[in-house]
>>> print(open('target.cif').read())   # mmCIF, C-alpha atoms
data_model
#
loop_
_atom_site.label_atom_id
_atom_site.label_comp_id
_atom_site.auth_asym_id
_atom_site.auth_seq_id
_atom_site.Cartn_x
_atom_site.Cartn_y
_atom_site.Cartn_z
CA MET K 1 -1.71 -0.61 34.43
CA VAL K 2 -0.31 0.81 31.19
CA CYS K 3 1.02 4.38 31.28
CA PHE K 4 0.98 6.54 28.18
CA ASN K 5 3.56 9.13 27.37
CA PHE K 6 1.47 11.87 25.76
CA ASN K 7 4.54 14.07 25.32
CA GLU K 8 6.09 11.56 22.94
CA MET K 9 3.11 12.07 20.63
CA LYS K 10 4.67 15.43 19.78
CA THR K 11 8.02 14.02 18.81
CA LYS K 12 9.43 14.78 15.42
CA LYS K 13 9.36 11.12 14.38
CA THR K 14 5.64 10.76 15.12
CA LEU K 15 4.73 13.97 13.31
CA ILE K 16 6.82 12.97 10.30
CA GLY K 17 5.10 9.58 10.25
CA LEU K 18 1.65 11.15 10.31
CA GLY K 19 2.60 13.68 7.64
CA LEU K 20 4.23 11.07 5.41
CA GLY K 21 1.17 8.85 5.80
CA GLN K 22 -1.11 11.65 4.58
CA ILE K 23 1.10 12.40 1.58
CA ILE K 24 0.84 8.71 0.67
CA SER K 25 -2.91 8.87 1.26
CA LEU K 26 -3.22 11.82 -1.13
CA LEU K 27 -1.16 9.94 -3.73
CA SER K 28 -3.45 6.93 -3.29
CA THR K 29 -6.47 9.17 -3.87
CA PHE K 30 -4.89 10.60 -7.03
CA ILE K 31 -4.09 7.08 -8.27
CA ALA K 32 -7.69 5.97 -7.65
CA PHE K 33 -9.04 9.09 -9.37
CA SER K 34 -6.76 8.61 -12.40
CA ALA K 35 -7.60 4.90 -12.70
CA SER K 36 -11.30 5.71 -12.47
CA GLU K 37 -11.01 8.41 -15.15
CA ILE K 38 -9.08 6.10 -17.50
CA THR K 39 -11.79 3.46 -17.09
CA ARG K 40 -14.52 6.04 -17.72
CA LYS K 41 -12.82 6.80 -21.04
CA GLY K 42 -13.36 3.19 -22.06
CA ILE K 43 -9.73 2.08 -21.70
CA ASN K 44 -10.23 -1.25 -19.92
CA ALA K 45 -6.56 -2.26 -19.68
CA SER K 46 -5.96 -2.77 -15.97
CA THR K 47 -2.36 -4.04 -16.04
CA SER K 48 -1.13 -1.34 -18.41
CA GLN K 49 -2.11 1.36 -15.90
CA SER K 50 0.55 0.21 -13.43
CA PHE K 51 3.18 -0.88 -15.97
CA LEU K 52 4.82 2.55 -16.36
CA GLY K 53 5.02 2.84 -12.56
CA TYR K 54 6.98 -0.40 -12.32
CA LEU K 55 9.16 0.64 -15.25
CA SER K 56 10.06 3.94 -13.56
CA LEU K 57 11.02 2.09 -10.37
CA ALA K 58 13.21 -0.27 -12.38
CA ILE K 59 14.97 2.58 -14.20
CA VAL K 60 15.61 4.81 -11.19
CA TYR K 61 16.38 2.32 -8.43
CA GLY K 62 17.90 -0.23 -10.80
CA GLY K 63 20.25 2.53 -11.97
CA ILE K 64 21.19 3.30 -8.37
CA MET K 65 21.98 -0.38 -7.78
CA LEU K 66 24.12 -0.56 -10.91
CA TYR K 67 26.05 2.48 -9.72
CA ARG K 68 26.57 1.16 -6.19
CA ARG K 69 26.97 -2.51 -7.17
CA PRO K 70 25.94 -3.81 -3.71
CA ALA K 71 25.70 -7.45 -2.71
CA ILE K 72 22.16 -8.78 -3.10
CA LYS K 73 20.80 -9.48 0.38
CA ALA K 74 17.67 -11.47 -0.49
CA LYS K 75 16.93 -14.27 -2.93
CA TRP K 76 15.77 -13.03 -6.33
CA TYR K 77 12.71 -15.31 -6.35
CA ASN K 78 11.40 -13.57 -3.21
CA TYR K 79 11.19 -10.35 -5.19
CA LEU K 80 9.67 -12.16 -8.17
CA LEU K 81 6.87 -13.57 -6.00
CA LEU K 82 6.33 -10.17 -4.37
CA ALA K 83 6.14 -8.45 -7.76
CA PHE K 84 3.73 -11.06 -9.12
CA VAL K 85 1.36 -10.68 -6.16
CA ASP K 86 1.59 -6.88 -6.36
CA VAL K 87 0.83 -6.81 -10.10
CA GLU K 88 -2.20 -9.05 -9.62
CA ALA K 89 -3.42 -6.97 -6.67
CA ASN K 90 -3.25 -3.83 -8.80
CA PHE K 91 -4.95 -5.68 -11.67
CA LEU K 92 -7.88 -6.81 -9.51
CA VAL K 93 -8.46 -3.41 -7.90
CA VAL K 94 -8.21 -1.46 -11.17
CA LYS K 95 -10.46 -4.05 -12.82
CA ALA K 96 -13.05 -3.37 -10.13
CA TYR K 97 -13.51 0.19 -11.43
CA GLN K 98 -15.24 -1.34 -14.47
CA TYR K 99 -17.97 -2.75 -12.24
CA THR K 100 -18.33 -0.50 -9.21
CA SER K 101 -17.71 3.08 -8.08
CA MET K 102 -14.52 4.78 -6.94
CA THR K 103 -16.10 5.31 -3.50
CA SER K 104 -16.85 1.59 -3.12
CA VAL K 105 -13.34 0.59 -4.17
CA MET K 106 -11.67 2.96 -1.71
CA LEU K 107 -13.97 1.92 1.14
CA LEU K 108 -13.50 -1.82 0.66
CA ASP K 109 -9.72 -1.36 0.51
CA CYS K 110 -9.80 -1.13 4.31
CA TRP K 111 -10.19 -4.94 4.35
CA ALA K 112 -6.39 -4.97 4.07
CA ILE K 113 -6.09 -3.68 7.65
CA PRO K 114 -7.33 -6.77 9.56
CA CYS K 115 -5.39 -8.91 7.07
CA VAL K 116 -2.18 -7.00 7.82
CA LEU K 117 -2.78 -7.22 11.58
CA VAL K 118 -3.14 -11.01 11.40
CA LEU K 119 -0.20 -11.51 9.01
CA THR K 120 2.23 -9.30 11.01
CA TRP K 121 1.15 -11.01 14.23
CA VAL K 122 1.66 -14.50 12.77
CA PHE K 123 4.75 -14.02 10.60
CA LEU K 124 6.56 -10.97 12.04
CA ASN K 125 5.73 -11.55 15.72
CA THR K 126 4.42 -8.00 16.04
CA LYS K 127 2.71 -7.36 19.37
CA TYR K 128 -0.31 -5.05 19.36
CA ARG K 129 -1.21 -3.58 22.73
CA LEU K 130 -4.53 -2.06 23.75
CA MET K 131 -3.50 1.43 22.59
CA LYS K 132 -2.72 0.25 19.06
CA ILE K 133 -5.87 -1.85 18.77
CA SER K 134 -7.98 1.07 20.02
CA GLY K 135 -6.50 3.31 17.32
CA VAL K 136 -7.30 0.71 14.64
CA VAL K 137 -10.89 0.33 15.85
CA ILE K 138 -11.44 4.10 15.89
CA CYS K 139 -10.04 4.40 12.34
CA ILE K 140 -12.38 1.69 11.09
CA VAL K 141 -15.32 3.39 12.81
CA GLY K 142 -14.45 6.50 10.81
CA VAL K 143 -14.59 4.53 7.56
CA LEU K 144 -17.91 2.94 8.55
CA MET K 145 -19.26 6.48 8.98
CA VAL K 146 -18.40 7.10 5.34
CA VAL K 147 -20.38 3.99 4.37
CA PHE K 148 -23.40 5.11 6.38
CA SER K 149 -23.06 8.57 4.88
CA ASP K 150 -23.19 7.15 1.36
CA VAL K 151 -26.22 5.03 2.22
CA HIS K 152 -27.93 7.95 3.93
CA ALA K 153 -27.27 10.33 1.07
CA GLY K 154 -28.17 7.71 -1.53
CA ASP K 155 -25.20 8.60 -3.73
CA ARG K 156 -23.12 5.46 -3.54
CA ALA K 157 -22.80 4.76 -7.24
CA GLY K 158 -23.70 1.21 -8.14
CA GLY K 159 -21.77 0.53 -11.33
CA SER K 160 -22.59 -2.19 -13.86
CA ASN K 161 -22.02 -5.10 -11.45
CA PRO K 162 -21.35 -3.89 -7.87
CA VAL K 163 -21.13 -7.37 -6.33
CA LYS K 164 -18.48 -8.51 -8.80
CA GLY K 165 -16.60 -5.25 -8.34
CA ASP K 166 -16.69 -5.54 -4.55
CA LEU K 167 -15.38 -9.12 -4.66
CA LEU K 168 -12.52 -8.04 -6.92
CA VAL K 169 -11.60 -5.27 -4.45
CA LEU K 170 -11.68 -7.66 -1.48
CA ALA K 171 -9.42 -10.11 -3.31
CA GLY K 172 -7.07 -7.30 -4.30
CA ALA K 173 -7.00 -5.90 -0.76
CA THR K 174 -6.04 -9.33 0.59
CA LEU K 175 -3.14 -9.51 -1.87
CA TYR K 176 -2.14 -5.94 -0.91
CA ALA K 177 -1.92 -7.09 2.71
CA VAL K 178 0.40 -9.95 1.71
CA CYS K 179 2.54 -7.47 -0.26
CA ASN K 180 2.72 -4.96 2.59
CA VAL K 181 3.79 -7.54 5.17
CA SER K 182 6.34 -9.03 2.75
CA GLU K 183 7.70 -5.54 2.06
CA GLU K 184 7.98 -4.85 5.79
CA PHE K 185 10.04 -8.01 6.26
CA LEU K 186 12.28 -7.37 3.23
CA VAL K 187 12.81 -3.67 3.84
CA LYS K 188 13.85 -4.35 7.45
CA ASN K 189 15.99 -7.40 6.73
CA ALA K 190 17.37 -6.69 3.25
CA ASP K 191 17.61 -3.23 1.65
CA MET K 192 15.06 -0.61 0.59
CA ILE K 193 16.77 0.31 -2.70
CA GLU K 194 17.14 -3.37 -3.55
CA LEU K 195 13.45 -3.96 -2.79
CA LEU K 196 12.25 -1.08 -4.99
CA ALA K 197 14.62 -1.97 -7.83
CA PHE K 198 13.60 -5.62 -8.03
CA LEU K 199 9.92 -4.80 -7.47
CA GLY K 200 10.14 -2.50 -10.47
CA ILE K 201 12.13 -4.93 -12.64
CA PHE K 202 10.02 -8.01 -11.97
CA GLY K 203 6.80 -5.97 -11.86
CA ALA K 204 7.56 -4.61 -15.35
CA ILE K 205 8.39 -8.12 -16.63
CA VAL K 206 5.24 -9.72 -15.18
CA GLY K 207 3.15 -6.77 -16.33
CA SER K 208 4.49 -6.86 -19.90
CA VAL K 209 3.74 -10.59 -20.20
CA GLN K 210 0.22 -10.09 -18.84
CA ILE K 211 -0.39 -7.11 -21.15
CA SER K 212 0.72 -9.09 -24.21
CA ILE K 213 -1.71 -11.87 -23.32
CA LEU K 214 -4.77 -9.99 -22.02
CA GLU K 215 -4.64 -6.38 -23.13
CA ARG K 216 -2.81 -6.15 -26.46
CA GLY K 217 -6.03 -5.90 -28.47
CA VAL K 218 -7.54 -3.29 -26.18
CA LEU K 219 -4.47 -1.06 -26.36
CA LYS K 220 -4.32 -1.31 -30.15
CA ALA K 221 -7.99 -0.33 -30.46
CA THR K 222 -7.69 2.61 -28.04
CA HIS K 223 -7.80 6.15 -29.37
CA TRP K 224 -4.96 7.83 -27.48
CA SER K 225 -6.08 11.37 -26.80
CA THR K 226 -3.83 13.92 -25.10
CA GLU K 227 -5.89 13.67 -21.93
CA ALA K 228 -5.57 9.88 -21.82
CA ILE K 229 -1.79 10.07 -22.30
CA LEU K 230 -1.48 12.69 -19.55
CA LEU K 231 -3.55 10.50 -17.22
CA TYR K 232 -1.19 7.56 -17.86
CA LEU K 233 1.91 9.70 -17.30
CA GLY K 234 0.47 11.27 -14.16
CA LEU K 235 -0.46 7.82 -12.89
CA ALA K 236 3.09 6.56 -13.52
CA LEU K 237 4.61 9.46 -11.57
CA ALA K 238 2.13 9.00 -8.71
CA LEU K 239 2.88 5.26 -8.54
CA PHE K 240 6.63 5.91 -8.48
CA LEU K 241 6.29 8.36 -5.58
CA PHE K 242 3.75 6.10 -3.85
CA TYR K 243 5.96 3.00 -3.85
CA SER K 244 9.04 5.03 -2.86
CA LEU K 245 7.36 6.70 0.12
CA VAL K 246 5.56 3.51 1.17
CA ALA K 247 8.92 1.73 1.52
CA VAL K 248 10.14 4.51 3.84
CA LEU K 249 6.96 4.47 5.92
CA ILE K 250 6.87 0.68 6.24
CA GLN K 251 10.55 0.53 7.15
CA THR K 252 10.08 3.03 9.97
CA TYR K 253 6.50 2.55 11.17
CA GLY K 254 5.34 -0.81 9.84
CA ALA K 255 2.66 -2.07 7.44
CA THR K 256 -0.22 -1.43 9.83
CA MET K 257 0.54 2.30 10.12
CA PHE K 258 0.68 2.47 6.32
CA ASN K 259 -2.73 0.85 5.87
CA LEU K 260 -4.29 3.01 8.58
CA SER K 261 -2.96 6.13 6.86
CA LEU K 262 -4.65 5.04 3.65
CA LEU K 263 -8.02 5.19 5.40
CA THR K 264 -8.04 8.96 5.09
CA SER K 265 -7.88 8.58 1.30
CA ASP K 266 -11.63 7.96 1.52
CA MET K 267 -11.97 11.42 3.03
CA TRP K 268 -9.64 13.04 0.51
CA ALA K 269 -11.86 11.53 -2.18
CA VAL K 270 -14.64 13.70 -0.79
CA LEU K 271 -12.70 16.79 -1.87
CA ILE K 272 -12.54 15.41 -5.39
CA ARG K 273 -16.28 14.85 -5.34
CA ILE K 274 -16.87 18.40 -4.12
CA PHE K 275 -14.48 20.32 -6.34
CA ALA K 276 -14.06 18.08 -9.43
CA TYR K 277 -17.57 16.68 -9.73
CA HIS K 278 -19.43 19.41 -7.79
CA GLU K 279 -21.29 16.86 -5.70
CA LYS K 280 -22.82 17.46 -2.31
CA VAL K 281 -21.57 15.33 0.57
CA ASP K 282 -23.23 14.37 3.81
CA TRP K 283 -22.14 15.97 7.09
CA LEU K 284 -21.06 12.53 8.35
CA TYR K 285 -18.06 12.72 6.03
CA TYR K 286 -16.53 15.51 8.07
CA LEU K 287 -17.16 13.66 11.33
CA ALA K 288 -15.65 10.53 9.76
CA PHE K 289 -12.50 12.42 8.75
CA ALA K 290 -12.07 13.75 12.30
CA THR K 291 -12.68 10.29 13.80
CA THR K 292 -10.12 8.63 11.53
CA ALA K 293 -7.58 11.36 12.29
CA VAL K 294 -8.03 10.74 16.03
CA GLY K 295 -7.55 7.00 15.49
CA LEU K 296 -4.32 7.60 13.60
CA ILE K 297 -2.98 9.86 16.35
CA ILE K 298 -3.85 7.30 19.03
CA TYR K 299 -2.16 4.52 17.04
CA SER K 300 0.95 6.71 16.65
CA MET K 301 1.25 7.36 20.40
CA LYS K 302 3.90 5.35 22.22
CA GLU K 303 3.21 3.35 25.35
CA LYS K 304 5.51 3.11 28.36
CA ASP K 305 5.81 -0.63 28.23
CA GLN K 306 7.98 -3.19 26.51
CA GLU K 307 5.99 -3.34 23.26
CA GLU K 308 8.69 -1.80 21.12
CA GLN K 309 11.38 -3.87 22.81
CA ARG K 310 9.48 -7.06 22.01
CA ASP K 311 8.94 -5.95 18.43
CA GLY K 312 12.64 -5.18 18.13
CA GLU K 313 13.53 -8.59 19.49
CA GLY K 314 11.19 -10.20 16.95
CA VAL K 315 12.80 -8.32 14.07
CA SER K 316 16.29 -9.16 15.39
CA GLU K 317 15.45 -12.85 15.52
CA GLN K 318 14.10 -12.72 11.96
CA ARG K 319 17.22 -10.87 10.80
CA LYS K 320 19.41 -13.54 12.43
CA GLU K 321 17.45 -16.26 10.64
CA PHE K 322 17.67 -14.30 7.41
CA ASP K 323 21.44 -13.88 7.76
CA ALA K 324 21.82 -17.51 8.79
CA GLU K 325 20.10 -18.65 5.59
CA ASP K 326 22.43 -16.45 3.54
CA GLY K 327 25.40 -17.84 5.44
CA GLU K 328 24.34 -21.40 4.76
CA SER K 329 23.85 -20.61 1.06
CA LEU K 330 27.33 -19.05 0.90
CA ARG K 331 28.86 -21.99 2.70
CA ASP K 332 27.15 -24.45 0.34
CA SER K 333 28.33 -22.49 -2.68
CA LEU K 334 31.89 -22.46 -1.36
CA ILE K 335 31.83 -26.17 -0.63
CA GLY K 336 30.42 -26.89 -4.06
CA ALA K 337 32.80 -24.52 -5.87
CA PRO K 338 35.70 -26.00 -7.85
CA THR K 339 39.13 -25.61 -6.30
#
>>> encode(input="target.cif", output="structure tokens")
Amino acid sequence: MVCFNFNEMKTKKTLIGLGLGQIISLLSTFIAFSASEITRKGINASTSQSFLGYLSLAIVYGGIMLYRRPAIKAKWYNYLLLAFVDVEANFLVVKAYQYTSMTSVMLLDCWAIPCVLVLTWVFLNTKYRLMKISGVVICIVGVLMVVFSDVHAGDRAGGSNPVKGDLLVLAGATLYAVCNVSEEFLVKNADMIELLAFLGIFGAIVGSVQISILERGVLKATHWSTEAILLYLGLALALFLFYSLVAVLIQTYGATMFNLSLLTSDMWAVLIRIFAYHEKVDWLYYLAFATTAVGLIIYSMKEKDQEEQRDGEGVSEQRKEFDAEDGESLRDSLIGAPT
């Protein structure tokens, strides 16, 4: 029989994790709203919307690395692959706004959760006990309530090609899951500043190449109004804060907690619909928000078993392998170096 320590739910670490997750969720909602507004203005340049975010990461965290001059703990091509996958994930999801609604995009993003669960279980040896799985299920039930609410109210905007848009979101969410699990491994085995710096540098490089190939004509033909420029700048700031806080949350609580926290972004989107677009929402939205909040709290609660110990052992083994690879590379370089 598993015993639960309900007192530990009130610990400072748990409360900080829940609060940080909701700040990230609000940033995600703002990013989705900004991307949707940019698309509504006819600026169909998906990669360019995230480019300034990567550039800001490169400038800030790259500058910190230049000042500290630390030893690089992970291979550069790991960060290049991570940045490439992240850029394409952002491209696919932002592209989806051209074909389907903001609500649909944010709902289908939850596909990343089962993907993350499988990937962390397979590659990071993360053990999920009954308490964690129950929290995940309850969170997903909350999101399904939002879907039923949209169907019931009949206000789930279709877009020009909903099926194509939904497929783009599902593909992007799968790539997001790969990114999140990779970030969890790197941030726990390498260095957070190093991760953010190289993600920004390689993300900006990959993005600039993709923009020059796919979006140069669109950007030249765009009429840059003050509102459009402010949306781009606001999006860049939100992306910088989003990536920075995500690294902290993943390092401390893992990729699954991060993706579960993002579920409430669907509920925060309701506030935008109410106050920005003056739309009426179904009562199920409020029940869905409460249900998802309960699921998050349950997932955050600690169990009096050896789950965390096993997770720690898994991370330790991965860190040993990681260090061993670096040691072998250093030994090979020393052997091959001229004397």
>>> residues_around(input="target.cif", residues="segment 264-271 of chain K", least_positions_apart="3", cutoff="6 Å", atoms="all atoms listed in the file", output="PyMOL selection string")
chain K and resi 25+29+106+274-275+289
>>> resolve_selection(input="target.cif", expression="the PyMOL selection byres ((chain K and resi 83-100) around 9)", output="NGL selection string")
:K and (32 or 35-36 or 39-40 or 44-51 or 78-82 or 101-105 or 109 or 157-176 or 178-179 or 198-204 or 206-207)
>>> write_last_selection(input="target.cif", atoms="C-alpha atoms", output="CSV table (one decimal), in the coordinates of the input")
chain,number,residue,atom,x,y,z
K,32,ALA,CA,-7.7,6.0,-7.6
K,35,ALA,CA,-7.6,4.9,-12.7
K,36,SER,CA,-11.3,5.7,-12.5
K,39,THR,CA,-11.8,3.5,-17.1
K,40,ARG,CA,-14.5,6.0,-17.7
K,44,ASN,CA,-10.2,-1.2,-19.9
K,45,ALA,CA,-6.6,-2.3,-19.7
K,46,SER,CA,-6.0,-2.8,-16.0
K,47,THR,CA,-2.4,-4.0,-16.0
K,48,SER,CA,-1.1,-1.3,-18.4
K,49,GLN,CA,-2.1,1.4,-15.9
K,50,SER,CA,0.6,0.2,-13.4
K,51,PHE,CA,3.2,-0.9,-16.0
K,78,ASN,CA,11.4,-13.6,-3.2
K,79,TYR,CA,11.2,-10.4,-5.2
K,80,LEU,CA,9.7,-12.2,-8.2
K,81,LEU,CA,6.9,-13.6,-6.0
K,82,LEU,CA,6.3,-10.2,-4.4
K,101,SER,CA,-17.7,3.1,-8.1
K,102,MET,CA,-14.5,4.8,-6.9
K,103,THR,CA,-16.1,5.3,-3.5
K,104,SER,CA,-16.8,1.6,-3.1
K,105,VAL,CA,-13.3,0.6,-4.2
K,109,ASP,CA,-9.7,-1.4,0.5
K,157,ALA,CA,-22.8,4.8,-7.2
K,158,GLY,CA,-23.7,1.2,-8.1
K,159,GLY,CA,-21.8,0.5,-11.3
K,160,SER,CA,-22.6,-2.2,-13.9
K,161,ASN,CA,-22.0,-5.1,-11.4
K,162,PRO,CA,-21.4,-3.9,-7.9
K,163,VAL,CA,-21.1,-7.4,-6.3
K,164,LYS,CA,-18.5,-8.5,-8.8
K,165,GLY,CA,-16.6,-5.2,-8.3
K,166,ASP,CA,-16.7,-5.5,-4.6
K,167,LEU,CA,-15.4,-9.1,-4.7
K,168,LEU,CA,-12.5,-8.0,-6.9
K,169,VAL,CA,-11.6,-5.3,-4.4
K,170,LEU,CA,-11.7,-7.7,-1.5
K,171,ALA,CA,-9.4,-10.1,-3.3
K,172,GLY,CA,-7.1,-7.3,-4.3
K,173,ALA,CA,-7.0,-5.9,-0.8
K,174,THR,CA,-6.0,-9.3,0.6
K,175,LEU,CA,-3.1,-9.5,-1.9
K,176,TYR,CA,-2.1,-5.9,-0.9
K,178,VAL,CA,0.4,-10.0,1.7
K,179,CYS,CA,2.5,-7.5,-0.3
K,198,PHE,CA,13.6,-5.6,-8.0
K,199,LEU,CA,9.9,-4.8,-7.5
K,200,GLY,CA,10.1,-2.5,-10.5
K,201,ILE,CA,12.1,-4.9,-12.6
K,202,PHE,CA,10.0,-8.0,-12.0
K,203,GLY,CA,6.8,-6.0,-11.9
K,204,ALA,CA,7.6,-4.6,-15.4
K,206,VAL,CA,5.2,-9.7,-15.2
K,207,GLY,CA,3.2,-6.8,-16.3
>>> atom_distance(input="target.cif", atom1="atom CA of Ile113 of chain K", atom2="atom CA of Gly234 of chain K")
27.2 Å
>>> closest_residue(input="target.cif", among="K:Val294, K:Ala71, K:Cys110, K:Ile16", to="Ile140 of chain K", atoms="only C-alpha atoms")
K:Cys110
>>> closest_residue(input="target.cif", among="K:Asn125, K:Ser208, K:Ser34, K:Ser28", to="Tyr243 of chain K", atoms="only C-alpha atoms")
K:Ser28
>>> residues_around(input="target.cif", residues="Leu186 of chain K", least_positions_apart="5", cutoff="10 Å", atoms="only C-alpha atoms", output="ChimeraX atom specification")
/K:73-74,78-79,180-181,191-192,194-195,247,251,319,322
>>> residues_around(input="target.cif", residues="Gly42 of chain K", least_positions_apart="6", cutoff="10 Å", atoms="all atoms listed in the file", output="MDAnalysis selection string")
chainID K and resid 98 218 222:223
>>> closest_residue(input="target.cif", among="K:Leu26, K:Val116, K:Arg68, K:Gly295", to="Gly254 of chain K", atoms="only C-alpha atoms")
K:Val116
